[in-house]
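What follows is a short report on a single structure.
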Amino acid sequence: MDNIFHLRYGDTDYMVLIEAKAQPIDVTGGEWLATYGNKPKCARKQVEDHIRTMWEYMEPIARDTKLQFVAIVVSPDPATKEVVKPGYRNAELVLLPTDKLIPFIHERFNFDLNASHPAPELFRVSQSPFLDLLRLSMAIPALGHPELSSGIRYVDRCRRTLDQTLFEDFKPRAERWLINGSAGMGKSVLLAYAAAVLSSGRELYRFQGETGVKEATEVLETTAFDPDSGPIAMLAMSAKQLENLRQWFEFFVSLFEESDLTGNLHFRRPEFLLARSIGEWVTYKRTFSAVLLDEAHDLPEHAARSLKEVYDQQPFYLVLACDRHQQLRLSGANARVMTGFDFTGKHVRLKQIYRNPAPVYIASLALMFRWFGEGGPKVLPSDKDFSTCFGFDSFRLSPNEPTLTMKNDAHPANSWSHVVAAFPDVATAAATLRREKLGTKEVLWVRFSEEDPDFDYESLHRDFTYHNCRSREAHKLSDKYIKGQDFPVVVIEGFPSFMEKHSTEKEEAQMWQFRRELYLCASRATCFLYFVCDVKETKEVSAIRQEIARLLEAVGAPHSSPDANGAKPWTFRIGAAEHVRDYEVFSDLREDPVEESVSEDASDDLTRKPKSDTAPSATNAAVVKASPSSKSAGPLKKDSATTKPESSKQAPVQPAPTEGVTTDSNEEPEHWELTIEEPQTTKEFSELAGVEVYRVVEALNEIGCFEGPNKPISIKNLAKIAPHFRCYVVGYEDEYESAQEGEELDHQTTTATPTESSSVDPKSETPDDVYVIGGNVIVSDLAARIGIKPFQLLADLIKMEVFVAPHQEITANTATKICKIHGYRCRLDESLQTKGAKKVAPDSQAKPKKHNKRSEPKTTKPVAAKQKPLRSRGMNSLSHAFESADGSDQERESRSFAIRRGVHVRRGHWIEDSSLGIGKILQVCSKSQDRDAHKVWFAGGGKTELTHPLRGRTNKILHVSKISEDILRRAPST
């Protein structure tokens with residue numbers, strides 16, 4: 001629109017629109033054609049579309065006002081015909097030559113002040129509620145866009161109308177249907193509309209801008225949907241996404257009811273469920289007539305199999321909404337979206353971006369694909385994918401340097417400039433947003449760097465939606481708290497150095513993983529996207545700054561002149577790429593984190609078997625590496641070369657690599673850099689490192705620090721535990737290097753004796769994937785060596801009826817069983833056992849006889865194990881601290897005896913009798929007629945009680961480490 005004014009004439013408010021054309025207007029039939037180049041465009045249709053849009057935009061405040069639009073199209077050609085036609089609703093459409101414009105307005109609205117007609121009343125912008133509302137979209141020249149608060153109000157009002165038009169894309173297929181689109185294309189809205197249609201049997205239609213309701217008989221017959229076969233289920237991956245679906249469904253219910261004139265509209269409301277409940281459907285044999293799932297690209301494989309099992313029992317109509325950019329392997333064959341379901345030819349691709357302005361959309365993709373990085377690898381889709389999947393027109397001067405153009409009128413802020421910008425520091429960004437009185441619903445602030453020491457981040461928690469994503473748990477935070485949310489303003493603070501590291505395969509995999517998380521955060525912005533990169537200058541940070549600068553230059557302003565359709569296109573060129581990558585760099589990164597710790601759901605599969613016989617990706621290679629921050633190599637040793645290392649320092653031993661997985665011992669994983677100027681409490685340090693408090697407490701306990709949760713911990717102790725969490729403290733790099741080396745050197749230099757050697761006999765060489773185990777193994781150490789979480793190993797031990805804590809030891813026999821469960825081959829090396837232990841006879845190696853090491857004299861520590869004796873504890877907590885190595889699992893269970901609730905003793909345990917002193921249990925339940933009659937040897941008089949009652953006589957249970965060597969030497973064997 002070129003001009004618009006508001007006046008009141010009589011009892012009617014008029015909005016007068018003036019569209020000035022530089023070309024002659026050719027009136028052909030009902031069309032007013034203006035020619036742009038060789039392409040004619042109908043000016044009548046253009047102004048009528050303006051009127052429809054403004055009606056929808058102003059309707060909430062125009063319901064109590066008699067409002068009429070008058071649209072005037074003028075041309076400088078004196079031969080232009082004078083035409084007056086009715087338009088949308090009560091609109092009046094006028095075509096005039098330019099010299100007749102002023103006389104027409106004077107006569108039409110009595111600006112000559114004829115006494116026989118009412119006088120017109122012209123309103124200024126401040127006096128007109130309609131013009132004041134339209135003014136929100138007017139850009140301030142110095143900014144290139146409206147003030148933040150005005151722009152956010154304008155976009156919010158416009159998006160209500162834009163989202164309603166999505167139901168025109170409702171074109172479901174038979175049996176199942178896939179809604180395929182990127183962030184901001186309205187997948188959830190269309191999914192909610194599909195639920196409203198299936199629930200009511202009605203659908204919406206539009207005619208000349210009006211919305212109506214009609215029977216959806218034809219659509220339902222096409223889909224083969226049977227409403228009588230069960231309820232409808234709407235699924236989401238998180239509670240926030242589910243609530244978003246519920247709100248959109250209620251929105252369409254209200255829209256259906258407003259548009260219904262028959263009074264016969266009824267809804268069968270769906271069940272809103274979290275996707276994690278799918279597993280229960282099989283158990284309880286749930287059946288549904290339709291299942292609608294949002295964010296299907298995040299559905300775990302096991303849940304997909306359960307969904308297919310339910311479908312096989314009774315078929316249902318399936319509707320999925322997935323984001324091809326958050327799981328980019330889906331942009332190829334749609335049949336790969338979900339296991340067991342074929343969506344070939346049963347999908348719709350959404351192409352209009354409703355959530356993001358074009359600059360935000362371009363910036364989000366550019367950051368993920370590294371389009372504005374200097375050299376190095378970049379993801380460059382094909383020209384077809386640029387068009388069909390991303391909405392760009394592509395032109396290539398060279399194969400690796402495409403020029404992209406986007407024409408998108410769907411978002412109201414597409415013509416604004418500088419909606420993607422950068423702030424010099426955190427304080428400036430926060431002050432600007434507070435000045436606009438924006439709050440938690442308007443601003444998402446995500447931090448990926450260290451805190452600015454001079455800024456109060458607690459105020460961000462109070463004023464905005466703030467998330468610290470500077471940790472290994474960043475992808476979990478983004479999935480749980482950010483995905484599926486919309487914010488008018490998104491601020492991204494800081495960029496880690498590994499965002500620009502790609503010299504090795506592993507570093508590149510980590511880079512792509514982070515860039516996808518960056519895309520997920522940036523694409524939440526519905527109006528403005530801001531960057532803050534006020535961090536310590538390094539080579540990588542400098543490269544990132546240059547990338548951001550090139551990005552801001554490319555998306556700063558649209559093309560200066562509009563195209564033939566009146567839209568201002570966005571055009572930019574992608575710099576040359578040294579290496580072109582495809583979508584596979586993003587495949588399954590969320591399931592296989594680049595950091596040394598694997599995800600809890602997928603760790604077993606990743607550590608036991610490769611995905612194929614070929615060399616896997618860097619992600620899988622990184623998963624099987626032992627963390628350099630592991631506290632001890634423990635007694636689990638890799639069978640290695642016969643010669644001793646040349647250096648006195650030995651690197652931490654790596655676990656047996658999974659077949660087909662390659663590792664590079666020269667590559668060091670990225671560690672966060674922490675600046676700590678004063679002692680901190682465990683809670684403060686946990687927030688700084690981005691981990692849970694209990695993990696910090698465990699790490700402190702391992703180094704012998706048992707301070708309370710509110711007592712400050714010295715910086716030196718914090719530096720010692722920092723490597724456990726992929727961090728190091730500036731100024732304490734020695735502690736970091738010490739943690740990298742681990743305790744392997746201590747095991748060789750302090751525990752070996754002249755008669756024992758940790759080296760392996762040259763004749764006993766074993767394959768590379770075979771481990772040699774000697775002595776007891778600490779649970780947490782064994783978990784680190786085989787690449788799983790301690791709680792997973794504890795779950796395996798519980799199944800074996802072995803009850804220990806993560807910091808306690810298990811026998812070599814049990815460790816061998818655990819290794820076998822997780823796909824590792826192990827053997828016992830008796831040369832590493834404690835001196836005096838029973839040797840395995842050569843003829844019994846096929847089925848080795850177990851022995852109880854606790855009954856043997858304690859002479860020296862095992863060479864390969866660093867024993868950590870337990871402190872004496874009360875009876876309620878000690879029973880799980882012992883494990884008998886003799887007999888089968890069934891025999892051990894039959895020989896246990898409960899001396900009180902929850903406290904069991906077995907053969908080989910040491911006790912303290914209230915009158916006889918220290919004793920060793922030789923046999924439990926020695927007489928069948930009396931359960932509480934046991935064979936116990938007591939050290940005081942060297943006597944053996946055959947019918948000792950343990951219950952009521954036992955003061956405490958003692959660990960073997962608390963028994964003197966003299967008593968151990970005299971004690972009989974069990």
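Residue names in the structure tokens use chain letters A, B, ... in the order shown, residue numbers from 1 in each chain, and ligand numbers from 1 in the order shown.
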All alpha helix (DSSP H) residues (DSSP, backbone) inside region 398-478 of chain A, as a VMD selection string
chain A and resid 426 to 435 458 to 463 474 to 477
Which residues are near region 699-715 of chain A? Cut-off 6 Å, only C-alpha atoms, ignore same chain within fewer than 5 positions. Put them as a PyMOL selection string.
chain A and resi 679-682+721
For those residues, write N, CA and C atoms to a file as a CSV table (one decimal), in the first residue's frame.
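See result19.csv below for the written result:
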chain,number,residue,atom,x,y,z
A,679,PRO,N,37.1,-19.9,46.5
A,679,PRO,CA,36.5,-21.2,46.8
A,679,PRO,C,35.0,-21.2,46.5
A,680,GLN,N,34.5,-22.3,46.1
A,680,GLN,CA,33.0,-22.4,45.8
A,680,GLN,C,32.4,-23.6,46.5
A,681,THR,N,31.1,-23.5,46.8
A,681,THR,CA,30.4,-24.7,47.3
A,681,THR,C,30.2,-25.7,46.2
A,682,THR,N,29.7,-26.9,46.6
A,682,THR,CA,29.4,-27.9,45.6
A,682,THR,C,28.4,-27.5,44.7
A,721,ILE,N,39.0,-32.3,40.7
A,721,ILE,CA,37.9,-33.0,40.2
A,721,ILE,C,37.3,-32.5,38.9
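If only C-alpha atoms are the atoms counted, then among A:Ala719, A:Val282, A:Val802, A:Val555 the closest residue to Ser306 (chain A) is A:Val282.
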Contacts of Ser914 (chain A) within 9 Å, only C-alpha atoms, excl. fewer than 3 positions in-chain, as an NGL selection string
:A and (917 or 952-955)
Can you list, as a PyMOL selection string, every protein, DNA or RNA residue that comes within 7 Å of Pro488 (chain A) when you count only C-alpha atoms, leaving out same-chain residues fewer than 3 positions away?
chain A and resi 152+442-443+525-528
Mind checking which residues fall within 8 Å of Lys483 (chain A), counting only C-alpha atoms, ignoring those fewer than 3 positions away in the same chain, and posting them as a PDB file with N, CA and C atoms, in the first residue's frame?
ATOM      1  N   GLN A 241       5.546 -29.728  24.734  1.00  0.00           N
ATOM      2  CA  GLN A 241       5.051 -29.938  23.377  1.00  0.00           C
ATOM      3  C   GLN A 241       3.611 -30.430  23.400  1.00  0.00           C
ATOM      4  N   SER A 478      18.154 -28.541  25.682  1.00  0.00           N
ATOM      5  CA  SER A 478      17.449 -27.987  24.530  1.00  0.00           C
ATOM      6  C   SER A 478      16.238 -28.828  24.174  1.00  0.00           C
ATOM      7  N   ASP A 479      16.362 -30.143  24.272  1.00  0.00           N
ATOM      8  CA  ASP A 479      15.222 -31.006  23.980  1.00  0.00           C
ATOM      9  C   ASP A 479      14.093 -30.810  24.988  1.00  0.00           C
ATOM     10  N   LYS A 480      14.461 -30.658  26.251  1.00  0.00           N
ATOM     11  CA  LYS A 480      13.458 -30.612  27.309  1.00  0.00           C
ATOM     12  C   LYS A 480      12.834 -29.236  27.463  1.00  0.00           C
ATOM     13  N   LEU A 520      18.744 -25.386  16.563  1.00  0.00           N
ATOM     14  CA  LEU A 520      17.506 -25.597  17.302  1.00  0.00           C
ATOM     15  C   LEU A 520      17.182 -24.372  18.156  1.00  0.00           C
ATOM     16  N   CYS A 521      18.202 -23.767  18.781  1.00  0.00           N
ATOM     17  CA  CYS A 521      17.971 -22.589  19.624  1.00  0.00           C
ATOM     18  C   CYS A 521      17.647 -21.359  18.784  1.00  0.00           C
ATOM     19  N   ARG A 524      14.111 -20.755  17.241  1.00  0.00           N
ATOM     20  CA  ARG A 524      12.970 -20.448  18.111  1.00  0.00           C
ATOM     21  C   ARG A 524      12.510 -19.006  17.943  1.00  0.00           C
TER      22      ARG A 524
END
Could you list, as a VMD selection string, every residue within 7 Å of Ala239 (chain A), counting only C-alpha atoms and ignoring same-chain residues fewer than 3 positions away?
chain A and resid 242 to 243 274
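For the atom pair formed by CA of Tyr466 (chain A) and CA of Val420 (chain A), the distance is 19.3 Å, given to one decimal.
Of the residues under consideration (A:Trp416, A:Tyr9, A:Phe395, A:Phe372), A:Phe372 shows the shortest atom-to-atom contact distance to Arg545 (chain A) when counting only C-alpha atoms.
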Shell around Gln314 (chain A) at 7 Å using only C-alpha atoms, local window under 3 positions removed, as an NGL selection string
:A and (287 or 310-311)
